[in-house]
2 protein chains.
Amino acid sequence: MQEAFSSFFWTLTKRRKSAFQVEKPSKNYGLRSHSSPAQPTFSKNKMATLSEVAQIAGVTTATVSNVLRNPGKVKPSTTKRVQAAIAATGYRPNLMARALSEGKSSMVAIVLPNIINPYYPEFVRIAERVARQRQYFLMVCNTDEQAEIGCAYIRQIAGTLADGVLVLHTGISATEILELRGGRRSPIVLASEETIEFPDTIPHVIVNFRMAGQIAGQHLLELGHRRIGVIVGQGCDGMQHLRLEGFKDALAEAGMALDEKDVRYVLDSVSGGHEATLSLLNTDPGLTAIFATNDLLAFGATQALVDKGISVPGDVSIVGITNIQLAQEMRPALTTVALNIEEVAKSSINLLLDMIENSEHQPTLVRVSDPQLIIRASTGHVRKSVLLDKSV
Amino acid sequence: MQEAFSSFFWTLTKRRKSAFQVEKPSKNYGLRSHSSPAQPTFSKNKMATLSEVAQIAGVTTATVSNVLRNPGKVKPSTTKRVQAAIAATGYRPNLMARALSEGKSSMVAIVLPNIINPYYPEFVRIAERVARQRQYFLMVCNTDEQAEIGCAYIRQIAGTLADGVLVLHTGISATEILELRGGRRSPIVLASEETIEFPDTIPHVIVNFRMAGQIAGQHLLELGHRRIGVIVGQGCDGMQHLRLEGFKDALAEAGMALDEKDVRYVLDSVSGGHEATLSLLNTDPGLTAIFATNDLLAFGATQALVDKGISVPGDVSIVGITNIQLAQEMRPALTTVALNIEEVAKSSINLLLDMIENSEHQPTLVRVSDPQLIIRASTGHVRKSVLLDKSV
DNA sequence: TCCTTTCATTTAAGCGGTTAAATTTTCAGT
DNA sequence: ACTGAAAATTTAACCGCTTAAATGAAAGGA
């Protein structure tokens with residue numbers, strides 16, 4: 001079989017005609033002696049290569065490449081012949097070879113801590129959509145909350161497999177990233193960060209988490225709540241500190257201070273929120289509101305209250321941060337401070353891609369628009385009876 | 001700066017010594033005349049390459065490569081020298097170049113319809129973990145429920161960027177996949193499928209969805225439910241047909257038949273389940289149970305009932321299929337037929353990787369273990385009052 | 001001392017594309 | 001028919017790494 005194919009090509013070459021030559025054979029391109037040394041053979045089960053296509057079309061790889069990448073550069077008649085050969089072989093460019101040659105893989109990676117947390121799929125979906133539109137592939141790297149895994153990914157991928165990396169809160173510090181990046185200038189963007197370690201060395205997309213916490217606090221205070229339990233999420237990137245600070249800001253404005261006994265630091269998950277709530281209720285059975293630093297925790301908190309037979313928002317109000325889809329789907333629908341995930345995701349990926357395409361991009365700091373309170377069904381005015389009970 | 005580095009290398013070469021040479025210069029490898037033609041220069045901002053490392057260590061790229069890939073093949077003293085050079089340059093192998101050379105990218109892609117649906121993140125998390133353990137990278141391709149996007153991904157990636165592709169229910173038929181794969185033998189596995197179109201052409205990992213539907217039906221029937229609304233999810237891969245068939249099987253066993261007016265076909269999402277439920281209630285306000293072909297729909301159904309002030313399971317029982325994490329986190333916790341996502345994911349990715357590594361793998365059909373009923377709080381015995389009301 | 005092994009390293013040919021520069025062809029103009 | 005510029009195509013180097021085969025050095029044996 002292989003033999004047969006080989007001689008088929010040989011014949012082609014000798015005859016100075018391509019299988020798809022449709023015009024008078026006036027050109028003698030393709031019949032140079034140099035075409036004999038390399039006699040590609042077809043093996044089923046293998047991709048056709050550029051040179052196989054070229055051979056069939058009676059041109060060189062350069063011409064085929066130009067047909068593919070620089071339309072207009074090749075004469076229409078030749079283009080037709082080449083396209084026929086491409087169709088006949090089912091040729092598809094080998095993206096790895098192209099990447100090596102161009103020094104650009106057209107892939108970007110996104111490193112995130114926990115794909116189970118709905119925030120990330122929602123982020124990924126948007127980022128991928130943008131990437132696709134801009135002709136990039138997205139590689140999702142889930143670290144399972146282990147910073148070392150994230151580091152390993154960055155070390156291996158950045159600049160060698162991916163043209164750039166988007167790092168979500170994975171507990172990898174800017175310092176570490178600078179180290180990991182090593183000598184190369186592979187673009188890395190830190191997205192959706194709480195704090196900025198070295199704003200002028202690594203591009204950040206930052207969200208005003210502090211303000212989000214403050215807004216949540218203000219909302220609860222305005223509703224008359226004074227005995228508020230706080231649940232702070234803790235991922236591999238440390239605890240969600242700024243959101244708590246913002247909440248304290250709101251209390252301070254009202255001349256109040258936070259008592260540490262009303263705060264729980266837990267894993268950033270539904271069960272974390274659940275456990276924290278039970279614990280808070282244990283400490284203060286009379287609390288009238290819960291502030292959770294994100295919606296997943298708030299969801300868990302709600303379930304805990306339901307389990308205890310406590311009404312939301314009748315007895316206890318709950319407010320979260322982020323506004324993931326689940327927030328509006330759960331019952332009672334969650335009042336939350338929306339972060340505009342879409343904007344964060346778009347800004348982040350666009351910044352990264354801009355850096356890739358425009359290599360002399362400065363380290364930038366992008367701020368997305370401010371968080372916004374979305375009032376749904378999980379918060380309400382504190383009950384009168386509770387107000388009277390304030391002194392307890 | 002560049003000049004300085006160039007001459008540094010030149011000196012090195014002339015001197016026949018590497019910067020890290022620690023032993024007597026007894027060998028004269030590395031001082032051959034051929035080393036002069038290629039004089040790499042360092043440019044900051046660029047990755048060090050193998051040949052730069054080689055130059056510094058006073059060896060050839062082959063040796064450095066062997067140090068990296070075939071430990072033991074290179075003399076310990078040389079190995080040390082090379083490692084020192086690697087450390088000094090911060091060298092990291094260019095994975096694209098390696099992939100091209102080896103004909104293997106060590107990347108696999110997973111094509112899925114909707115990353116927002118928690119089933120997929122849960123699947124991805126496990127698949128990625130296995131892939132990572134087996135030294136592969138995972139590329140997640142979200143088609144946003146558009147089969148064409150999935151096709152485009154497969155066409156571009158299979159065999160040219162990824163060593164294999166795992167296709168979840170994206171509405172791409174086996175026929176199309178065979179076409180897309182074209183001439184190449186790039187491994188593709190269809191995972192978690194409902195129906196098998198060409199079991200002997202494409203490897204499948206199949207789940208007994210029919211049985212899942214049957215178990216759900218049996219459960220509701222055993223609890224005495226007779227007026228059951230059915231919600232069938234419909235993704236880009238068509239409707240979840242077998243689950244419905246299984247449910248019908250259960251009815252048939254009990255000598256009953258399904259009335260199409262009790263069935264709703266909706267988008268596979270929370271809101272789909274919500275709307276379907278309202279519609280079902282409209283048709284039969286007295287229904288006592290709802291069977292949803294997956295948990296996300298069941299979640300939506302629950303919310304709809306809550307909104308209507310209907311108690312679950314007091315007035316209406318709900319059963320789903322899949323057992324995503326949300327099923328146990330929601331309230332009331334969802335009774336569902338568990339599919340063992342972990343097993344499906346592991347089987348799928350392992351099958352794919354086995355095929356990649358053992359190229360003459362036969363098209364296989366893997367069946368995972370049977371679905372299992374998990375009784376939680378969303379189902380209960382039908383109320384007596386309703387039983388009396390049966391004639392309505 | 002010479003011949004044979006064995007071990008360590010180098011040589012050089014890919015992998016499958018891209019692209020600047022060189023070459024050949026086409027074609028307008030005289 | 002001839003000339004030169006423009007257009008089309010080819011040439012050949014390169015991207016960074018892997019690997020089978022070739023080469024050289026060291027060691028053992030007669």
# chains A, B, ... in the order shown; residues from 1 in each chain; ligands from 1

$ select_by_dssp --residues "region 149-273 of chain A" --states "alpha helix (DSSP H)" --output "ChimeraX atom specification"
/A:149-157,174-181,209-222,241-253,270-273

$ write_last_selection --atoms "C-alpha atoms" --output "short mmCIF file (atom, residue, chain, number, x, y, z; two decimals), in the first residue's frame"
data_model
loop_
_atom_site.label_atom_id
_atom_site.label_comp_id
_atom_site.auth_asym_id
_atom_site.auth_seq_id
_atom_site.Cartn_x
_atom_site.Cartn_y
_atom_site.Cartn_z
CA ILE A 149 -0.37 22.90 41.80
CA GLY A 150 -0.99 26.38 40.48
CA CYS A 151 2.71 27.11 40.61
CA ALA A 152 3.52 23.91 38.77
CA TYR A 153 1.05 24.85 36.07
CA ILE A 154 2.48 28.31 35.64
CA ARG A 155 6.02 27.07 35.66
CA GLN A 156 5.35 24.51 32.98
CA ILE A 157 2.94 26.39 30.80
CA ALA A 174 2.92 38.36 42.85
CA THR A 175 6.41 37.65 44.10
CA GLU A 176 6.06 33.99 43.34
CA ILE A 177 4.67 34.75 39.94
CA LEU A 178 7.61 36.95 39.11
CA GLU A 179 9.88 34.12 40.11
CA LEU A 180 7.93 31.52 38.21
CA ARG A 181 7.93 33.58 35.12
CA PHE A 209 -14.11 44.22 47.44
CA ARG A 210 -13.84 46.61 50.32
CA MET A 211 -16.68 48.65 48.96
CA ALA A 212 -18.70 45.49 48.45
CA GLY A 213 -18.35 44.63 52.11
CA GLN A 214 -19.25 48.15 53.06
CA ILE A 215 -22.38 48.15 50.93
CA ALA A 216 -23.50 44.88 52.46
CA GLY A 217 -22.95 46.26 55.93
CA GLN A 218 -24.77 49.49 55.19
CA HIS A 219 -27.72 47.57 53.83
CA LEU A 220 -28.08 45.49 56.97
CA LEU A 221 -27.63 48.49 59.23
CA GLU A 222 -30.24 50.45 57.33
CA HIS A 241 -10.00 40.19 54.13
CA LEU A 242 -11.00 43.36 52.35
CA ARG A 243 -14.65 42.43 52.27
CA LEU A 244 -14.53 42.13 56.02
CA GLU A 245 -12.73 45.45 56.29
CA GLY A 246 -15.43 47.09 54.22
CA PHE A 247 -18.06 45.66 56.48
CA LYS A 248 -16.19 47.07 59.47
CA ASP A 249 -16.11 50.43 57.69
CA ALA A 250 -19.88 50.38 57.53
CA LEU A 251 -20.11 49.56 61.21
CA ALA A 252 -17.65 52.30 62.05
CA GLU A 253 -19.70 54.85 60.12
CA VAL A 270 -21.65 25.70 50.98
CA SER A 271 -20.83 23.43 53.87
CA GLY A 272 -18.50 26.08 55.26
CA GLY A 273 -21.38 28.54 55.35
#

$ residues_around --residues "DC17 (chain D)" --least-positions-apart "3" --cutoff "8 Å" --atoms "only C-alpha atoms (C1' of nucleotides)" --output "list in words"
Leu50, Ser65, Asn94, Ala97, Arg98 and Ser101 of chain B

$ interface_residues --of "chain A" --to "chain D" --cutoff "10 Å" --atoms "only C-alpha atoms (C1' of nucleotides)" --output "ChimeraX atom specification"
/A:29-30,32,59-63,73-75,78,97-103

$ write_last_selection --atoms "C-alpha atoms" --output "short mmCIF file (atom, residue, chain, number, x, y, z; two decimals), in the first residue's frame"
data_model
loop_
_atom_site.label_atom_id
_atom_site.label_comp_id
_atom_site.auth_asym_id
_atom_site.auth_seq_id
_atom_site.Cartn_x
_atom_site.Cartn_y
_atom_site.Cartn_z
CA TYR A 29 7.00 24.76 -11.08
CA GLY A 30 6.86 21.59 -9.19
CA ARG A 32 12.34 20.63 -10.25
CA VAL A 59 3.71 23.50 -5.63
CA THR A 60 5.95 24.02 -2.62
CA THR A 61 4.96 24.20 1.00
CA ALA A 62 5.48 27.94 0.96
CA THR A 63 2.73 28.34 -1.59
CA LYS A 73 -0.78 36.39 -2.32
CA VAL A 74 -1.21 33.36 -4.52
CA LYS A 75 -2.59 33.40 -8.08
CA THR A 78 -2.94 28.05 -8.18
CA ALA A 97 4.13 23.11 14.36
CA ARG A 98 2.56 26.42 13.56
CA ALA A 99 2.93 27.52 17.13
CA LEU A 100 6.59 26.61 17.23
CA SER A 101 7.25 28.35 13.99
CA GLU A 102 5.34 31.47 14.82
CA GLY A 103 6.51 31.55 18.41
#

$ closest_atom_pairs --of "chain C" --to "chain B" --cutoff "10 Å" --atoms "only C-alpha atoms (C1' of nucleotides)" --output "JSON lines"
{"residue": "C:DC7", "atom": "C1'", "partner": "B:Lys75", "partner_atom": "CA", "distance": 9.1}
{"residue": "C:DA8", "atom": "C1'", "partner": "B:Val74", "partner_atom": "CA", "distance": 6.9}
{"residue": "C:DT9", "atom": "C1'", "partner": "B:Thr63", "partner_atom": "CA", "distance": 7.1}
{"residue": "C:DT10", "atom": "C1'", "partner": "B:Thr60", "partner_atom": "CA", "distance": 6.9}
{"residue": "C:DT11", "atom": "C1'", "partner": "B:Ala62", "partner_atom": "CA", "distance": 9.5}
{"residue": "C:DG14", "atom": "C1'", "partner": "B:Ser101", "partner_atom": "CA", "distance": 8.0}
{"residue": "C:DC15", "atom": "C1'", "partner": "B:Ser101", "partner_atom": "CA", "distance": 4.5}
{"residue": "C:DG16", "atom": "C1'", "partner": "B:Leu100", "partner_atom": "CA", "distance": 7.6}

$ closest_residue --among "A:Val337, A:Met330, A:Val319, A:Ala298" --to "chain B" --atoms "only C-alpha atoms"
A:Met330

$ closest_atom_pairs --of "chain B" --to "chain A" --cutoff "9 Å" --atoms "only C-alpha atoms" --output "JSON lines"
{"residue": "B:Lys44", "atom": "CA", "partner": "A:Gly183", "partner_atom": "CA", "distance": 6.8}
{"residue": "B:Asn45", "atom": "CA", "partner": "A:Arg184", "partner_atom": "CA", "distance": 4.7}
{"residue": "B:Lys46", "atom": "CA", "partner": "A:Arg184", "partner_atom": "CA", "distance": 4.7}
{"residue": "B:Met47", "atom": "CA", "partner": "A:Arg184", "partner_atom": "CA", "distance": 4.9}
{"residue": "B:Ala48", "atom": "CA", "partner": "A:Gly183", "partner_atom": "CA", "distance": 7.7}
{"residue": "B:Thr89", "atom": "CA", "partner": "A:Gly183", "partner_atom": "CA", "distance": 7.9}
{"residue": "B:Gly90", "atom": "CA", "partner": "A:Gly182", "partner_atom": "CA", "distance": 6.3}
{"residue": "B:Tyr91", "atom": "CA", "partner": "A:Gly183", "partner_atom": "CA", "distance": 8.4}
{"residue": "B:Arg92", "atom": "CA", "partner": "A:Gln156", "partner_atom": "CA", "distance": 7.4}
{"residue": "B:Pro93", "atom": "CA", "partner": "A:Thr160", "partner_atom": "CA", "distance": 7.1}
{"residue": "B:Asn94", "atom": "CA", "partner": "A:Thr160", "partner_atom": "CA", "distance": 4.5}
{"residue": "B:Leu95", "atom": "CA", "partner": "A:Thr160", "partner_atom": "CA", "distance": 5.2}
{"residue": "B:Met96", "atom": "CA", "partner": "A:Leu161", "partner_atom": "CA", "distance": 5.8}
{"residue": "B:Ala97", "atom": "CA", "partner": "A:Leu100", "partner_atom": "CA", "distance": 5.9}
{"residue": "B:Ala99", "atom": "CA", "partner": "A:Met96", "partner_atom": "CA", "distance": 7.0}
{"residue": "B:Leu100", "atom": "CA", "partner": "A:Ala97", "partner_atom": "CA", "distance": 5.9}
{"residue": "B:Ser105", "atom": "CA", "partner": "A:Met96", "partner_atom": "CA", "distance": 7.9}
{"residue": "B:Ala109", "atom": "CA", "partner": "A:Met139", "partner_atom": "CA", "distance": 8.8}
{"residue": "B:Asn114", "atom": "CA", "partner": "A:Arg125", "partner_atom": "CA", "distance": 8.3}
{"residue": "B:Ile115", "atom": "CA", "partner": "A:Pro121", "partner_atom": "CA", "distance": 5.7}
{"residue": "B:Ile116", "atom": "CA", "partner": "A:Pro121", "partner_atom": "CA", "distance": 5.6}
{"residue": "B:Asn117", "atom": "CA", "partner": "A:Pro121", "partner_atom": "CA", "distance": 8.7}
{"residue": "B:Pro118", "atom": "CA", "partner": "A:Ile116", "partner_atom": "CA", "distance": 7.2}
{"residue": "B:Pro121", "atom": "CA", "partner": "A:Ile116", "partner_atom": "CA", "distance": 5.6}
{"residue": "B:Glu122", "atom": "CA", "partner": "A:Ile116", "partner_atom": "CA", "distance": 6.2}
{"residue": "B:Val124", "atom": "CA", "partner": "A:Ile115", "partner_atom": "CA", "distance": 8.0}
{"residue": "B:Arg125", "atom": "CA", "partner": "A:Ile115", "partner_atom": "CA", "distance": 6.7}
{"residue": "B:Glu128", "atom": "CA", "partner": "A:Asn142", "partner_atom": "CA", "distance": 7.6}
{"residue": "B:Arg129", "atom": "CA", "partner": "A:Asn142", "partner_atom": "CA", "distance": 8.5}
{"residue": "B:Phe137", "atom": "CA", "partner": "A:Cys141", "partner_atom": "CA", "distance": 8.1}
{"residue": "B:Leu138", "atom": "CA", "partner": "A:Met139", "partner_atom": "CA", "distance": 6.8}
{"residue": "B:Met139", "atom": "CA", "partner": "A:Met139", "partner_atom": "CA", "distance": 4.5}
{"residue": "B:Val140", "atom": "CA", "partner": "A:Val140", "partner_atom": "CA", "distance": 5.8}
{"residue": "B:Cys141", "atom": "CA", "partner": "A:Leu138", "partner_atom": "CA", "distance": 7.4}
{"residue": "B:Asn142", "atom": "CA", "partner": "A:Arg125", "partner_atom": "CA", "distance": 7.1}
{"residue": "B:Asp144", "atom": "CA", "partner": "A:Arg125", "partner_atom": "CA", "distance": 8.1}
{"residue": "B:Arg155", "atom": "CA", "partner": "A:Arg92", "partner_atom": "CA", "distance": 8.0}
{"residue": "B:Gln156", "atom": "CA", "partner": "A:Arg92", "partner_atom": "CA", "distance": 7.4}
{"residue": "B:Ile157", "atom": "CA", "partner": "A:Leu95", "partner_atom": "CA", "distance": 7.7}
{"residue": "B:Gly159", "atom": "CA", "partner": "A:Asn94", "partner_atom": "CA", "distance": 7.7}
{"residue": "B:Thr160", "atom": "CA", "partner": "A:Asn94", "partner_atom": "CA", "distance": 4.5}
{"residue": "B:Leu161", "atom": "CA", "partner": "A:Leu95", "partner_atom": "CA", "distance": 5.6}
{"residue": "B:Gly182", "atom": "CA", "partner": "A:Gly90", "partner_atom": "CA", "distance": 6.2}
{"residue": "B:Gly183", "atom": "CA", "partner": "A:Asn45", "partner_atom": "CA", "distance": 5.8}
{"residue": "B:Arg184", "atom": "CA", "partner": "A:Asn45", "partner_atom": "CA", "distance": 4.6}
{"residue": "B:Arg185", "atom": "CA", "partner": "A:Asn45", "partner_atom": "CA", "distance": 4.9}
{"residue": "B:Ser186", "atom": "CA", "partner": "A:Asn45", "partner_atom": "CA", "distance": 8.2}
{"residue": "B:Val270", "atom": "CA", "partner": "A:Glu329", "partner_atom": "CA", "distance": 7.2}
{"residue": "B:Ser271", "atom": "CA", "partner": "A:Glu329", "partner_atom": "CA", "distance": 7.9}
{"residue": "B:Phe299", "atom": "CA", "partner": "A:Met330", "partner_atom": "CA", "distance": 8.6}
{"residue": "B:Gly300", "atom": "CA", "partner": "A:Glu329", "partner_atom": "CA", "distance": 7.5}
{"residue": "B:Gln303", "atom": "CA", "partner": "A:Arg331", "partner_atom": "CA", "distance": 6.3}
{"residue": "B:Val306", "atom": "CA", "partner": "A:Arg331", "partner_atom": "CA", "distance": 7.5}
{"residue": "B:Asp307", "atom": "CA", "partner": "A:Arg331", "partner_atom": "CA", "distance": 8.1}
{"residue": "B:Glu329", "atom": "CA", "partner": "A:Val270", "partner_atom": "CA", "distance": 7.1}
{"residue": "B:Met330", "atom": "CA", "partner": "A:Gln303", "partner_atom": "CA", "distance": 7.0}
{"residue": "B:Arg331", "atom": "CA", "partner": "A:Gln303", "partner_atom": "CA", "distance": 6.3}
{"residue": "B:Pro332", "atom": "CA", "partner": "A:Gln303", "partner_atom": "CA", "distance": 8.7}

$ select_by_dssp --residues "region 215-244 of chain B" --states "strand (DSSP E)" --output "CSV table (one decimal) with C-alpha atoms, in the first residue's frame"
chain,number,residue,atom,x,y,z
B,228,ILE,CA,-46.7,12.7,38.3
B,229,GLY,CA,-45.5,15.6,36.3
B,230,VAL,CA,-42.4,14.9,34.1
B,231,ILE,CA,-39.8,17.4,33.1
B,232,VAL,CA,-37.4,16.4,30.4
B,233,GLY,CA,-34.2,18.3,29.8
B,234,GLN,CA,-33.2,19.2,26.3
B,235,GLY,CA,-29.7,20.2,25.5
B,238,GLY,CA,-31.4,16.4,21.9
B,239,MET,CA,-33.7,15.5,24.7

$ atom_distance --atom1 "C1' of DT6 (chain C)" --atom2 "CA of Val82 (chain B)"
23.2 Å

$ residues_around --residues "Gln328 (chain A)" --least-positions-apart "6" --cutoff "9 Å" --atoms "only C-alpha atoms (C1' of nucleotides)" --output "compact mmCIF listing (two decimals) with C-alpha atoms, in the first residue's frame"
# COMPACT_ATOMS: atom_id res chain seq x y z
CA LEU A 334 -30.41 36.11 47.89
CA THR A 335 -29.83 39.77 48.48
CA ARG A 376 -33.91 40.26 46.73

$ closest_residue --among "A:Leu296, A:Ala57, A:Ile318, A:Ile356" --to "Val165 (chain A)" --atoms "only C-alpha atoms"
A:Ile356

$ atom_distance --atom1 "CA of Glu52 (chain A)" --atom2 "CA of Asn66 (chain A)"
15.2 Å
